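S.K.: Just dropping this structure here.
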Amino acid sequence: MGQDDVLRVKLYRYVEKQTSLANLILYIYLFWYLFLIVVIGAKHLHYMHWFNGVFVAVFVFFALNAAAYQPPMCGESGYTKHPFKIARFFLIPFCVSTASVACGMAHDECMLLFPTDPLLMWTQIGCMVVLFGIGMTGHHFASQKLAAIDRVQQGDPKFVMKDITPNSVPDDDGDDENLT
């Protein structure tokens, strides 16, 4: 495999990992939070609310990290080698606490952590559904490409790396009649 092929495989693996169901749920949750804070929360939260959100997040951060800790702490496979996992344990409680306070302060503008304005609510929900659909499509595309690449690497004589282009995905029965 050439350098371009190696980079392509890394890209497909990255897309596949980032569009897994668990990551898509987290990305949609992040979109929900940002939408809610921009539309409703920013005008109702004062600096003390943000400070309380940080305090709650730090407090819960240590509890969640203690609960999820798996030795060793350092080293090649250490717990500290997963900074995004560790950061999520801060961001999720921070988002929950600030969104809850923002909705509590907004009174008539927010109910059950969604805007009460039907246009805003359906815009938010629609965007979340679209993001999920785009993510699942990307995951399917990357998974198909990686499956074909794995077949090439295992020596399947029907495929070569030049056949694995953005317009070619092998069909399920293994023959190459649908390759373009």
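Going through the structure tokens in order, the chains are called A, B, and so on, while each chain numbers its residues from 1 and the ligands are numbered from 1 in the order shown.
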Using DSSP assignments from the backbone, pull out every residue in chain A that falls under alpha helix (DSSP H) and give it to me as a ChimeraX atom specification.
M.R.: /A:3-18,21-39,47-68,83-106,118-153
S.K.: Excluding Tyr27 in chain A and its own-chain neighbours fewer than 3 positions away, which residues fall within 10 Å of it when counting only C-alpha atoms? Please give them as a list in words.
M.R.: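 In the requested format, the answer is Gln18, Thr19, Leu21, Ala22, Asn23, Leu24, Leu30, Phe31, Trp32, Tyr33, Met128, Leu131, Phe132 and Gly135 of chain A.
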S.K.: Those same residues - N, CA, C and O atoms - I'd like them written as a CSV table (one decimal), in the first residue's frame.
M.R.:
```csv
chain,number,residue,atom,x,y,z
A,18,GLN,N,-15.6,8.0,14.7
A,18,GLN,CA,-16.3,9.2,15.1
A,18,GLN,C,-17.8,9.2,14.8
A,18,GLN,O,-18.6,9.9,15.4
A,19,THR,N,-18.3,8.3,13.9
A,19,THR,CA,-19.7,8.2,13.6
A,19,THR,C,-20.3,6.9,14.2
A,19,THR,O,-21.4,6.5,13.8
A,21,LEU,N,-22.4,4.8,17.0
A,21,LEU,CA,-23.6,5.2,17.6
A,21,LEU,C,-23.4,6.0,18.9
A,21,LEU,O,-24.0,7.0,19.1
A,22,ALA,N,-22.4,5.5,19.7
A,22,ALA,CA,-22.2,6.2,21.0
A,22,ALA,C,-21.6,7.7,20.7
A,22,ALA,O,-22.1,8.6,21.4
A,23,ASN,N,-20.7,7.8,19.7
A,23,ASN,CA,-20.2,9.1,19.4
A,23,ASN,C,-21.3,10.0,18.8
A,23,ASN,O,-21.3,11.2,19.1
A,24,LEU,N,-22.1,9.5,18.0
A,24,LEU,CA,-23.2,10.3,17.4
A,24,LEU,C,-24.2,10.8,18.4
A,24,LEU,O,-24.6,11.9,18.4
A,30,LEU,N,-24.3,17.4,22.2
A,30,LEU,CA,-23.5,18.7,22.2
A,30,LEU,C,-24.3,19.7,21.3
A,30,LEU,O,-24.4,20.9,21.7
A,31,PHE,N,-24.8,19.3,20.2
A,31,PHE,CA,-25.6,20.2,19.4
A,31,PHE,C,-26.8,20.7,20.2
A,31,PHE,O,-27.1,21.9,20.1
A,32,TRP,N,-27.5,19.8,20.8
A,32,TRP,CA,-28.7,20.2,21.6
A,32,TRP,C,-28.3,21.3,22.7
A,32,TRP,O,-29.0,22.3,22.8
A,33,TYR,N,-27.2,21.0,23.4
A,33,TYR,CA,-26.7,21.9,24.4
A,33,TYR,C,-26.4,23.3,23.8
A,33,TYR,O,-26.8,24.3,24.3
A,128,MET,N,-31.2,17.9,14.8
A,128,MET,CA,-30.6,16.7,15.5
A,128,MET,C,-30.9,15.4,14.7
A,128,MET,O,-29.9,14.6,14.5
A,131,LEU,N,-28.5,15.6,11.6
A,131,LEU,CA,-27.1,15.2,12.1
A,131,LEU,C,-26.9,13.7,12.3
A,131,LEU,O,-25.9,13.1,11.9
A,132,PHE,N,-27.9,13.1,12.9
A,132,PHE,CA,-27.9,11.7,13.1
A,132,PHE,C,-27.9,10.9,11.8
A,132,PHE,O,-27.1,10.0,11.6
A,135,GLY,N,-24.5,11.3,10.1
A,135,GLY,CA,-23.5,10.5,10.8
A,135,GLY,C,-23.6,9.0,10.5
A,135,GLY,O,-22.6,8.3,10.2
```
S.K.: Can you list, as a list of chain:residue names, every protein, DNA or RNA residue that comes within 12 Å of Val96 in chain A when you count only C-alpha atoms, leaving out same-chain residues fewer than 6 positions away?
M.R.: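 Selected residues are A:Tyr29, A:Leu30, A:Trp32, A:Tyr33, A:Leu34, A:Leu36, A:Ile37, A:Trp50, A:Asn52, A:Gly53, A:Val54, A:Val56, A:Ala57, A:Val60, A:Arg88, A:Phe89, A:Phe90, A:Ala102, A:Cys103, A:Leu113.
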S.K.: Write a file of the selected residues as a short mmCIF file (atom, residue, chain, number, x, y, z; two decimals), in the first residue's frame, keeping N, CA and C atoms.
M.R.:
```
data_model
loop_
_atom_site.label_atom_id
_atom_site.label_comp_id
_atom_site.auth_asym_id
_atom_site.auth_seq_id
_atom_site.Cartn_x
_atom_site.Cartn_y
_atom_site.Cartn_z
N TYR A 29 -26.05 15.38 21.42
CA TYR A 29 -26.20 15.98 22.73
C TYR A 29 -25.47 17.33 22.77
N LEU A 30 -24.27 17.41 22.21
CA LEU A 30 -23.52 18.66 22.16
C LEU A 30 -24.28 19.69 21.33
N TRP A 32 -27.54 19.81 20.83
CA TRP A 32 -28.70 20.20 21.63
C TRP A 32 -28.30 21.25 22.65
N TYR A 33 -27.20 21.01 23.35
CA TYR A 33 -26.75 21.94 24.38
C TYR A 33 -26.39 23.29 23.78
N LEU A 34 -25.59 23.32 22.73
CA LEU A 34 -25.18 24.59 22.12
C LEU A 34 -26.38 25.36 21.58
N LEU A 36 -29.49 25.19 22.66
CA LEU A 36 -30.26 25.67 23.81
C LEU A 36 -29.57 26.87 24.47
N ILE A 37 -28.27 26.80 24.63
CA ILE A 37 -27.54 27.89 25.27
C ILE A 37 -27.55 29.14 24.39
N TRP A 50 -22.62 30.27 35.63
CA TRP A 50 -21.54 29.57 34.93
C TRP A 50 -20.53 29.03 35.95
N ASN A 52 -21.14 28.18 39.08
CA ASN A 52 -21.77 27.02 39.74
C ASN A 52 -21.72 25.79 38.83
N GLY A 53 -21.93 26.00 37.52
CA GLY A 53 -21.85 24.90 36.57
C GLY A 53 -20.46 24.29 36.55
N VAL A 54 -19.43 25.13 36.59
CA VAL A 54 -18.06 24.63 36.63
C VAL A 54 -17.81 23.87 37.92
N VAL A 56 -20.00 22.29 39.89
CA VAL A 56 -20.72 21.00 39.84
C VAL A 56 -19.99 20.03 38.91
N ALA A 57 -19.54 20.54 37.76
CA ALA A 57 -18.84 19.68 36.80
C ALA A 57 -17.55 19.13 37.38
N VAL A 60 -18.45 16.43 40.04
CA VAL A 60 -18.90 15.18 39.42
C VAL A 60 -17.77 14.56 38.59
N ARG A 88 -14.88 14.31 28.66
CA ARG A 88 -16.34 14.13 28.65
C ARG A 88 -16.90 14.06 30.06
N PHE A 89 -16.12 13.54 30.98
CA PHE A 89 -16.58 13.47 32.37
C PHE A 89 -16.68 14.84 33.02
N PHE A 90 -16.08 15.85 32.42
CA PHE A 90 -16.27 17.22 32.87
C PHE A 90 -17.38 17.89 32.07
N ALA A 102 -30.31 27.33 32.89
CA ALA A 102 -30.79 28.22 31.83
C ALA A 102 -32.28 28.05 31.59
N CYS A 103 -32.73 26.80 31.53
CA CYS A 103 -34.17 26.56 31.34
C CYS A 103 -34.97 27.01 32.56
N LEU A 113 -36.26 21.06 28.91
CA LEU A 113 -34.98 21.30 28.24
C LEU A 113 -35.09 21.47 26.73
#
```
S.K.: Would you return as a PyMOL selection string the members of range 100-133 of chain A that DSSP assigns to strand (DSSP E or B) on this structure's backbone?
M.R.: chain A and resi 110-111+114-115
S.K.: From the list A:Leu7, A:Leu146, A:Phe114, A:Val58, which residue is nearest Ser100 in chain A when using only C-alpha atoms?
M.R.: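 Closest residue, counting only C-alpha atoms: A:Phe114.
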S.K.: Find the residues near Gly138 in chain A: any atom within 10 Å, counting only C-alpha atoms, skip ones fewer than 3 places away on the same chain, and give them as a list of chain:residue names.
M.R.: A:Tyr12, A:Val15, A:Glu16, A:Gln18, A:Thr19, A:Ser20, A:Phe132, A:Gly133, A:Ile134, A:Gly135, A:Phe141, A:Ala142, A:Ser143, A:Gln144
S.K.: Write a file of the just-selected residues containing N, CA and C atoms, as a tab-separated table (two decimals), in the first residue's frame.
M.R.:
```tsv
chain	number	residue	atom	x	y	z
A	12	TYR	N	-10.74	6.63	6.81
A	12	TYR	CA	-11.94	5.80	6.93
A	12	TYR	C	-12.10	5.29	8.36
A	15	VAL	N	-13.32	8.23	10.51
A	15	VAL	CA	-14.73	8.51	10.26
A	15	VAL	C	-15.61	7.43	10.88
A	16	GLU	N	-15.20	6.18	10.74
A	16	GLU	CA	-15.99	5.09	11.30
A	16	GLU	C	-16.08	5.21	12.83
A	18	GLN	N	-15.63	8.01	14.69
A	18	GLN	CA	-16.34	9.22	15.10
A	18	GLN	C	-17.84	9.15	14.83
A	19	THR	N	-18.26	8.28	13.93
A	19	THR	CA	-19.68	8.17	13.61
A	19	THR	C	-20.30	6.91	14.20
A	20	SER	N	-19.63	6.31	15.19
A	20	SER	CA	-20.26	5.18	15.87
A	20	SER	C	-21.49	5.69	16.61
A	132	PHE	N	-27.93	13.12	12.89
A	132	PHE	CA	-27.88	11.67	13.10
A	132	PHE	C	-27.86	10.93	11.77
A	133	GLY	N	-28.70	11.35	10.84
A	133	GLY	CA	-28.75	10.70	9.53
A	133	GLY	C	-27.44	10.85	8.76
A	134	ILE	N	-26.87	12.04	8.79
A	134	ILE	CA	-25.59	12.26	8.12
A	134	ILE	C	-24.50	11.39	8.76
A	135	GLY	N	-24.50	11.33	10.09
A	135	GLY	CA	-23.51	10.52	10.79
A	135	GLY	C	-23.65	9.04	10.47
A	141	PHE	N	-20.81	4.33	5.00
A	141	PHE	CA	-19.85	4.50	3.90
A	141	PHE	C	-18.45	4.05	4.35
A	142	ALA	N	-18.01	4.54	5.50
A	142	ALA	CA	-16.67	4.20	5.99
A	142	ALA	C	-16.56	2.70	6.29
A	143	SER	N	-17.59	2.11	6.86
A	143	SER	CA	-17.56	0.68	7.18
A	143	SER	C	-17.46	-0.16	5.92
A	144	GLN	N	-18.20	0.23	4.87
A	144	GLN	CA	-18.14	-0.50	3.61
A	144	GLN	C	-16.74	-0.42	3.01
```
